[in-house]
Amino acid sequence: MATSLIQLLLGAVAFGTVIMFGCIGEIITEKAGNLNLGVPGIMYLGGIASLASVFIYEGSTDAPNKILCVIIALLSAFIASALGGLVYAFLTITLKANQNVTGLTLTIFGSGVANFFGGSLNTLAGRFEQIAVPVTSSAFKAVTPLSKAGTVGKVLFSYGFMVYLAVITAVITHYFLNHTRRGLNLRTIGENPAAADAAGINVTKNKYLAICIGAGISGFGGVYYVMDYIKGTWANDGSIETLGWLAVALVIFTTWKSINAIWGAYLFGILYWMYLYIPGLTRSSQEIFKMLPYVVTIIVLIVTSLRNSKDKQPPAALGLPYFREER
Amino acid sequence: MSETVIELRNVTKTFGSVTSNDHVSMKIEKGEILALLGENGSGKTSLMNMLSGIYFPDEGEIILNGKPVVIRDPRDAYELGIGMVHQHFKLVDVFTASENMILGIDPKAKLDRRKIAAQIKEICDKYGFVIDPDKKVYDMSVSEKQTLEIVKVLYRGADILILDEPTAVLTPQETERLFDVVRNMKKNGKTVIIITHKLHEVLSISDRVAILRRGQYIGTVNTSEATESSLTEMMVGKKVELNIERPVADKKPLLLEVRNLNCINPEGLQVLKDINFDVYGGEILGIAGISGSGQKELLESIAGLQRNEKGSSIIYYQPHSRDESIDGDQLVGKSPREIRDLGIRLSFVPEDRLGMGLVGSMGMTENMMLKDYRSNGHIFTDVKKPRQLAEKIKDELEVVTPGISTPVKNLSGGNVQKVLVGREIAASPTVLMTAYVVRGLDINTSYTIYHLLNEQKKKGSAVIFVGEDLDVMVALCDRIIVLCDGRINGVLEYKPDGDNKDFNKGNIGLMMTKIDYRDTADGGKKDE
């Protein structure tokens with residue numbers, strides 16, 4: 001029983017880390033008033049960019065440097081994801097396209113591009129028919145000796161560094177949004193862009209920045225998934241998309257507070273994997289359990305709406321384009 | 001004293017085909033209180049928006065302290081010491097007062113909420129404001145929000161303050177307090193520009209008055225040399241008939257009988273208490289009261305938009321069924337559509353024009369269709385009649401719009417109201433209900449509306465007029481019901497050929513504030 005509980009926790013943390021990155025990035029984007037439904041697509045872009053770049057790097061040298069591998073993976077993922085965000089930002093801010101439509105398109109685009117190149121990489125990898133970046137993956141999965149320190153050590157320390165990076169990102173994002181003037185300015189744009197504009201805040205510039213940085217962070221979810229979760233390979237099975245939508249649901253679950261994403265993501269992980277540890281489930285009843293994260297999200301929505309608590313609502317101007325001279 | 005701080009030269013701004021400001025050249029002096037006066041749509045706000053960086057002029061230049069300046073955005077304006085309090089507050093609801101205060105300032109600095117609170121207190125003490133720095137904006141009253149906006153501008157170190165219709169949302173007492181603060185600011189060397197169209201306020205607060213008419217600058221006069229009529233003349237250009245006519249209808253059939261009307265709002269407050277009154281055709285029934293005394297709920301009850309308590313009754317009598325034995329129809333508990341299906345012609349001009357009355361993103365034609373798109377009986381809509389109606393309203397009411405398919409949200413407030421009133425009257429209602437129908441409208445448009453209401457009255461319709469300007473109500477209405485805290489506190493009737501000494505706004509004002517005017521002497525003493 002205890003072993004399976006630990007197994008569940010380990011699975012939940014790994015699962016939660018993927019969606020935590022996606023969620024934090026989306027929170028930053030939504031705090032700037034833009035609903036980016038392209039999170040799954042952006043996570044795809046981040047995943048494939050990191051995989052492709054380290055695949056080229058590992059193939060180009062006999063003794064790949066692990067630190068360089070990690071830097072290349074993260075940097076290329078961030079750039080690719082931020083570029084995806086930039087396209088979305090240009091369409092929705094400058095051209096004032098509908099945010100929902102643009103975001104969904106980005107998801108379709110990202111998954112198409114990633115699966116196309118993922119398939120090509122698998123072909124390039126040749127006779128193994130499955131791409132592998134063993135050096136990078138082992139760097140991502142490296143753990144400290146603390147993980148051997150009994151059950152506590154196992155539960156707390158047996159993860160690759162990105163698990164901790166996700167938690168730190170959540171804390172930093174929370175501090176930025178609530179305890180700095182720049183964060184306050186950003187939230188103003190999401191709440192009332194006209195007020196932000198009248199207060200001399202550059203709405204367009206800040207929105208662009210928030211969307212691109214948010215997309216970059218979301219993209220890390222894809223990196224973690226590819227490098228750690230599935231151990232440095234590519235699978236054309238649509239899992240990233242499922243995780244991406246869960247990240248969007250998690251944003252609502254956290255009531256737009258990144259600090260809640262830490263436990264919320266792990267909770268989603270527990271709910272998602274719980275079916276493995278409940279005896280006597282059939283294939284179809286397993287699928288019902290996978291719904292649980294969405295069900296709790298709906299419950300959170302209902303509860304916060306019923307309470308009508310003003311501090312737990314989405315940013316007031318979420319999804320609306322802003323044009324200064326509109327009357 | 002007469003040192004020019006801002007000079008505008010040939011400033012022009014157009015929106016689409018509408019010229020908002022047409023080569024405006026004017027001067028603003030240092031340390032004065034300047035009233036910017038003009039009718040609705042005369043370009044007051046857009047002119048000031050160009051000083052505050054919200055709009056960018058198409059032509060012309062702005063000269064500040066002798067140097068030409070370019071104000072590209074609000075940040076530029078703040079750096080030049082110009083701050084504007086907009087009519088629609090630019091505050092973030094979920095932030096506290098102090099968080100709103102520092103928006104956009106010095107992003108690199110630390111967010112020290114205690115220090116900011118101390119700075120706010122300093123400004124408040126200097127000018128006589130009261131603000132709780134930790135209060136969230138969504139918990140604030142309108143006047144608190146306005147105070148916050150003014151302090152926000154001062155916090156940014158503005159020397160020139162622009163207040164856009166600051167008194168529109170305030171009670172008379174709050175207005176007086178605001179004016180004290182404005183005078184204080186003047187004493188401290190600030191230049192204050194107040195946009196308004198209330199003449200008595202112009203006369204009581206300003207040093208000089210600048211007048212705009214249809215986007216053009218008419219002139220500036222010293223307030224001490226101005227009178228209400230001289231300012232009105234400059235403002236409207238032609239002599240305005242200041243008397244509202246009050247025609248007498250020959251027949252006055254009973255149309256509505258309201259009995260024991262009670263209403264409890266979602267927050268559990270009783271907003272209407274035992275309301276009883278009758279409505280007759282051929283008269284204008286005024287409903288007066290401090291805003292929020294139950295006017296909205298009363299009208300919505302009649303229109304079928306409110307849920308009323310048990311025992312409430314609103315009986316409608318068809319105008320031609322003069323036979324006493326014919327029963328009327330009960331309106332309580334029916335939806336607007338059920339009421340219409342009974343053949344009852346009610347029209348409602350609600351307070352919230354673009355929210356309840358019209359669809360902002362639709363053109364005039366489509367808005368005409370909303371009222372009767374069901375009536376032609378087949379699945380396709382008929383555009384021809386609504387288009388003719390839209391054209392007719394546009395011509396007859398002189399609606400200023402680029403075309404009848406332009407979204408109505410792009411029209412100015414007065415034109416939006418004309419579209420709405422025009423549509424409601426076109427349905428030839430037997431009962432026409434209007435809420436604050438002239439709010440925010442200029443004098444000419446207001447008179448057009450009064451005229452339209454009188455036309456309805458002459459046709460034998462009943463007009464229910466919820467108003468706020470007591471002078472207008474006294475001149476226009478045949479009877480006035482005064483609401484106070486959800487109750488009818490009194491009814492005044494105008495007698496066409498009798499003694500109308502009691503039919504005055506003093507009495508209405510007293511009734512609005514809970515004192516029965518017949519025992520004022522006693523009531524006044526008890527309060528003390």
# chains A, B, ... in the order shown; residues from 1 in each chain; ligands from 1
call {"tool": "residues_around", "arguments": {"residues": "Pro57 (chain B)", "least_positions_apart": "4", "cutoff": "9 Å", "atoms": "only C-alpha atoms", "output": "PyMOL selection string"}}
result
chain B and resi 11-14+47+50+61
call {"tool": "interface_residues", "arguments": {"of": "chain A", "to": "chain B", "cutoff": "10 Å", "atoms": "only C-alpha atoms", "output": "compact mmCIF listing (two decimals) with C-alpha atoms, in the first residue's frame"}}
result
# COMPACT_ATOMS: atom_id res chain seq x y z
CA ASN A 178 1.87 40.65 -6.46
CA HIS A 179 4.87 42.37 -4.99
CA THR A 180 6.46 44.40 -7.75
CA ARG A 181 5.30 47.48 -9.59
CA ARG A 182 5.88 45.87 -12.96
CA GLY A 183 3.66 42.99 -11.88
CA LEU A 184 1.00 45.42 -10.74
CA ASN A 185 1.23 47.20 -14.08
CA LEU A 186 0.85 43.92 -15.92
CA ARG A 187 -2.23 42.96 -13.92
CA THR A 188 -3.71 46.39 -14.60
CA ILE A 189 -3.53 45.69 -18.31
CA GLY A 190 -5.49 42.49 -17.83
CA GLU A 191 -8.05 44.14 -15.61
CA ASN A 192 -8.58 47.47 -17.31
CA PRO A 193 -6.33 48.33 -20.25
CA ALA A 194 -7.85 51.80 -20.56
CA ALA A 195 -6.83 52.52 -16.96
CA ALA A 196 -3.36 51.18 -17.64
CA ASP A 197 -3.08 53.35 -20.73
CA ALA A 198 -4.27 56.44 -18.93
CA ALA A 199 -1.72 55.72 -16.21
CA GLY A 200 1.04 55.80 -18.79
CA ILE A 201 1.66 52.05 -18.98
CA ASN A 202 2.60 50.86 -22.46
CA LYS A 310 -14.24 39.42 -6.66
CA ASP A 311 -10.64 38.45 -5.99
CA LYS A 312 -11.02 34.99 -7.52
CA GLN A 313 -12.39 36.05 -10.90
CA PRO A 315 -8.88 39.28 -15.23
CA ALA A 316 -11.76 41.58 -16.14
CA ARG A 324 -7.14 53.46 -27.37
CA GLU A 325 -9.23 55.67 -29.62
CA GLU A 326 -12.28 53.42 -29.71
CA ARG A 327 -15.29 55.22 -28.31
call {"tool": "select_by_dssp", "arguments": {"residues": "region 107-311 of chain A", "states": "alpha helix (DSSP H)", "output": "VMD selection string"}}
result
chain A and resid 107 to 124 134 to 141 150 to 157 161 to 179 181 to 191 193 to 198 203 to 224 239 to 253 258 to 273 283 to 290 292 to 307
call {"tool": "closest_residue", "arguments": {"among": "A:Tyr159, A:Leu281, A:Val248, A:Phe176", "to": "Gly11 (chain A)", "atoms": "only C-alpha atoms"}}
result
A:Tyr159
call {"tool": "residues_around", "arguments": {"residues": "Ser111 (chain A)", "least_positions_apart": "4", "cutoff": "12 Å", "atoms": "only C-alpha atoms", "output": "PDB file with C-alpha atoms, in the first residue's frame"}}
result
ATOM      1  CA  GLY A  38      -2.458  27.780 -27.908  1.00  0.00           C
ATOM      2  CA  VAL A  39      -0.817  26.314 -24.797  1.00  0.00           C
ATOM      3  CA  PRO A  40      -0.854  22.739 -26.134  1.00  0.00           C
ATOM      4  CA  GLY A  41       0.637  23.919 -29.412  1.00  0.00           C
ATOM      5  CA  ILE A  42       3.291  25.933 -27.624  1.00  0.00           C
ATOM      6  CA  MET A  43       4.230  22.950 -25.461  1.00  0.00           C
ATOM      7  CA  TYR A  44       4.556  20.928 -28.640  1.00  0.00           C
ATOM      8  CA  LEU A  45       6.821  23.577 -30.156  1.00  0.00           C
ATOM      9  CA  GLY A  46       8.995  23.663 -27.026  1.00  0.00           C
ATOM     10  CA  GLY A  47       9.256  19.899 -26.915  1.00  0.00           C
ATOM     11  CA  ILE A  48      10.166  19.393 -30.572  1.00  0.00           C
ATOM     12  CA  GLY A  84       4.854  30.881 -31.253  1.00  0.00           C
ATOM     13  CA  LEU A 104      -6.853  27.280 -31.203  1.00  0.00           C
ATOM     14  CA  THR A 105      -5.124  27.739 -34.528  1.00  0.00           C
ATOM     15  CA  LEU A 106      -1.803  27.921 -32.736  1.00  0.00           C
ATOM     16  CA  THR A 107      -2.562  24.618 -31.027  1.00  0.00           C
ATOM     17  CA  ASN A 115       4.493  15.747 -35.029  1.00  0.00           C
ATOM     18  CA  PHE A 116       5.770  16.302 -38.562  1.00  0.00           C
ATOM     19  CA  PHE A 117       9.319  16.949 -37.387  1.00  0.00           C
ATOM     20  CA  GLY A 118       9.036  14.323 -34.653  1.00  0.00           C
ATOM     21  CA  GLY A 119       8.188  11.741 -37.277  1.00  0.00           C
ATOM     22  CA  GLY A 222       7.123  20.367 -23.457  1.00  0.00           C
ATOM     23  CA  ALA A 235       5.854   9.871 -29.433  1.00  0.00           C
ATOM     24  CA  ASN A 236       3.204  10.845 -31.958  1.00  0.00           C
ATOM     25  CA  ASP A 237       0.426   9.994 -29.551  1.00  0.00           C
ATOM     26  CA  GLY A 238      -1.104  13.368 -28.747  1.00  0.00           C
ATOM     27  CA  SER A 239      -0.204  13.232 -25.057  1.00  0.00           C
ATOM     28  CA  ILE A 240       1.209  16.742 -25.041  1.00  0.00           C
ATOM     29  CA  GLU A 241      -2.090  18.079 -26.290  1.00  0.00           C
ATOM     30  CA  THR A 242      -3.981  16.397 -23.433  1.00  0.00           C
ATOM     31  CA  GLY A 244      -1.748  21.281 -22.588  1.00  0.00           C
TER      32      GLY A 244
END
call {"tool": "residues_around", "arguments": {"residues": "region 177-192 of chain B", "least_positions_apart": "5", "cutoff": "8 Å", "atoms": "only C-alpha atoms", "output": "ChimeraX atom specification"}}
result
/B:29-34,127-129,159-163,205
call {"tool": "write_last_selection", "arguments": {"atoms": "all heavy atoms", "output": "short mmCIF file (atom, residue, chain, number, x, y, z; two decimals), in the first residue's frame"}}
result
data_model
loop_
_atom_site.label_atom_id
_atom_site.label_comp_id
_atom_site.auth_asym_id
_atom_site.auth_seq_id
_atom_site.Cartn_x
_atom_site.Cartn_y
_atom_site.Cartn_z
N GLU B 29 -5.01 79.97 -18.80
CA GLU B 29 -4.08 80.75 -17.98
C GLU B 29 -3.66 79.98 -16.74
O GLU B 29 -4.38 79.14 -16.22
CB GLU B 29 -4.75 82.07 -17.57
CG GLU B 29 -4.81 83.03 -18.74
CD GLU B 29 -5.64 84.26 -18.42
OE1 GLU B 29 -6.01 84.42 -17.24
OE2 GLU B 29 -5.92 85.02 -19.35
N LYS B 30 -2.48 80.35 -16.28
CA LYS B 30 -1.92 79.65 -15.11
C LYS B 30 -2.73 79.97 -13.85
O LYS B 30 -3.07 81.11 -13.60
CB LYS B 30 -0.48 80.11 -14.93
CG LYS B 30 0.37 79.18 -14.10
CD LYS B 30 1.80 79.71 -14.06
CE LYS B 30 2.65 78.88 -13.13
NZ LYS B 30 2.92 77.53 -13.61
N GLY B 31 -3.02 78.93 -13.07
CA GLY B 31 -3.65 79.12 -11.78
C GLY B 31 -5.12 79.49 -11.82
O GLY B 31 -5.68 79.94 -10.83
N GLU B 32 -5.77 79.30 -12.96
CA GLU B 32 -7.20 79.63 -13.03
C GLU B 32 -8.06 78.37 -12.98
O GLU B 32 -7.56 77.26 -13.19
CB GLU B 32 -7.51 80.39 -14.33
CG GLU B 32 -7.43 79.52 -15.57
CD GLU B 32 -7.98 80.21 -16.82
OE1 GLU B 32 -8.70 81.21 -16.67
OE2 GLU B 32 -7.68 79.74 -17.92
N ILE B 33 -9.33 78.59 -12.69
CA ILE B 33 -10.30 77.52 -12.85
C ILE B 33 -11.09 77.84 -14.11
O ILE B 33 -11.83 78.82 -14.15
CB ILE B 33 -11.25 77.40 -11.64
CG1 ILE B 33 -10.45 77.12 -10.37
CG2 ILE B 33 -12.28 76.31 -11.89
CD1 ILE B 33 -11.29 77.11 -9.10
N LEU B 34 -10.86 77.06 -15.14
CA LEU B 34 -11.51 77.32 -16.42
C LEU B 34 -12.62 76.31 -16.62
O LEU B 34 -12.39 75.11 -16.52
CB LEU B 34 -10.49 77.20 -17.56
CG LEU B 34 -11.05 77.39 -18.96
CD1 LEU B 34 -11.27 78.87 -19.26
CD2 LEU B 34 -10.16 76.77 -20.01
N TYR B 127 -5.19 68.80 0.79
CA TYR B 127 -6.33 69.35 0.04
C TYR B 127 -7.68 69.07 0.68
O TYR B 127 -8.70 69.54 0.21
CB TYR B 127 -6.33 68.78 -1.39
CG TYR B 127 -5.12 69.20 -2.19
CD1 TYR B 127 -4.04 68.34 -2.32
CD2 TYR B 127 -5.07 70.44 -2.80
CE1 TYR B 127 -2.93 68.72 -3.05
CE2 TYR B 127 -3.96 70.82 -3.53
CZ TYR B 127 -2.89 69.96 -3.65
OH TYR B 127 -1.80 70.32 -4.37
N GLY B 128 -7.70 68.25 1.71
CA GLY B 128 -8.97 67.95 2.36
C GLY B 128 -9.74 66.79 1.79
O GLY B 128 -10.97 66.81 1.75
N PHE B 129 -9.02 65.76 1.36
CA PHE B 129 -9.69 64.54 0.91
C PHE B 129 -9.71 63.51 2.03
O PHE B 129 -8.93 63.59 2.97
CB PHE B 129 -8.92 63.87 -0.23
CG PHE B 129 -8.81 64.67 -1.49
CD1 PHE B 129 -7.61 65.28 -1.84
CD2 PHE B 129 -9.88 64.80 -2.35
CE1 PHE B 129 -7.49 66.00 -3.00
CE2 PHE B 129 -9.76 65.50 -3.52
CZ PHE B 129 -8.57 66.11 -3.84
N ASP B 159 0.21 69.68 -12.49
CA ASP B 159 -0.06 71.08 -12.18
C ASP B 159 -1.31 71.54 -12.89
O ASP B 159 -1.89 72.56 -12.55
CB ASP B 159 1.12 71.95 -12.63
CG ASP B 159 2.34 71.66 -11.80
OD1 ASP B 159 2.18 71.52 -10.58
OD2 ASP B 159 3.44 71.56 -12.38
N ILE B 160 -1.67 70.82 -13.93
CA ILE B 160 -2.87 71.17 -14.68
C ILE B 160 -3.81 69.97 -14.57
O ILE B 160 -3.49 68.87 -15.01
CB ILE B 160 -2.53 71.44 -16.16
CG1 ILE B 160 -1.50 72.56 -16.24
CG2 ILE B 160 -3.78 71.78 -16.95
CD1 ILE B 160 -0.69 72.56 -17.49
N LEU B 161 -4.97 70.19 -13.95
CA LEU B 161 -5.91 69.10 -13.79
C LEU B 161 -7.12 69.32 -14.68
O LEU B 161 -7.67 70.41 -14.73
CB LEU B 161 -6.40 69.03 -12.34
CG LEU B 161 -5.43 68.42 -11.33
CD1 LEU B 161 -4.66 69.52 -10.64
CD2 LEU B 161 -6.18 67.58 -10.34
N ILE B 162 -7.51 68.26 -15.38
CA ILE B 162 -8.71 68.33 -16.21
C ILE B 162 -9.75 67.41 -15.58
O ILE B 162 -9.47 66.23 -15.37
CB ILE B 162 -8.39 67.87 -17.65
CG1 ILE B 162 -7.23 68.70 -18.22
CG2 ILE B 162 -9.63 67.98 -18.51
CD1 ILE B 162 -6.62 68.11 -19.46
N LEU B 163 -10.90 67.95 -15.24
CA LEU B 163 -11.97 67.14 -14.66
C LEU B 163 -13.11 67.05 -15.67
O LEU B 163 -13.69 68.07 -16.05
CB LEU B 163 -12.48 67.75 -13.35
CG LEU B 163 -11.42 68.12 -12.30
CD1 LEU B 163 -12.08 68.76 -11.08
CD2 LEU B 163 -10.62 66.91 -11.89
N ILE B 205 -18.17 78.14 -9.72
CA ILE B 205 -16.81 77.66 -9.46
C ILE B 205 -15.74 78.33 -10.31
O ILE B 205 -14.61 78.52 -9.87
CB ILE B 205 -16.74 76.11 -9.61
CG1 ILE B 205 -15.37 75.55 -9.22
CG2 ILE B 205 -17.06 75.66 -11.01
CD1 ILE B 205 -15.16 75.37 -7.78
#
call {"tool": "residues_around", "arguments": {"residues": "region 303-305 of chain A", "least_positions_apart": "6", "cutoff": "12 Å", "atoms": "only C-alpha atoms", "output": "JSON, numbers by chain"}}
result
{"A": [252, 253, 254, 255, 296, 297, 311, 312, 313, 314]}
call {"tool": "residues_around", "arguments": {"residues": "Leu342 (chain B)", "least_positions_apart": "6", "cutoff": "12 Å", "atoms": "only C-alpha atoms", "output": "JSON, numbers by chain"}}
result
{"B": [316, 317, 318, 328, 329, 330, 331, 334, 335, 336]}
call {"tool": "atom_distance", "arguments": {"atom1": "CA of Arg208 (chain B)", "atom2": "CA of Ser230 (chain B)"}}
result
13.5 Å
call {"tool": "residues_around", "arguments": {"residues": "Lys310 (chain B)", "least_positions_apart": "3", "cutoff": "12 Å", "atoms": "only C-alpha atoms", "output": "list in words"}}
result
Arg259, Asn260, Leu261, Asn262, Cys263, Ile264, Asp274, Arg307, Ser313, Ile314, Val332 and Gly333 of chain B
call {"tool": "closest_residue", "arguments": {"among": "A:Ala249, A:Ile259, A:Ile72, A:Ala139", "to": "Leu177 (chain A)", "atoms": "only C-alpha atoms"}}
result
A:Ile259
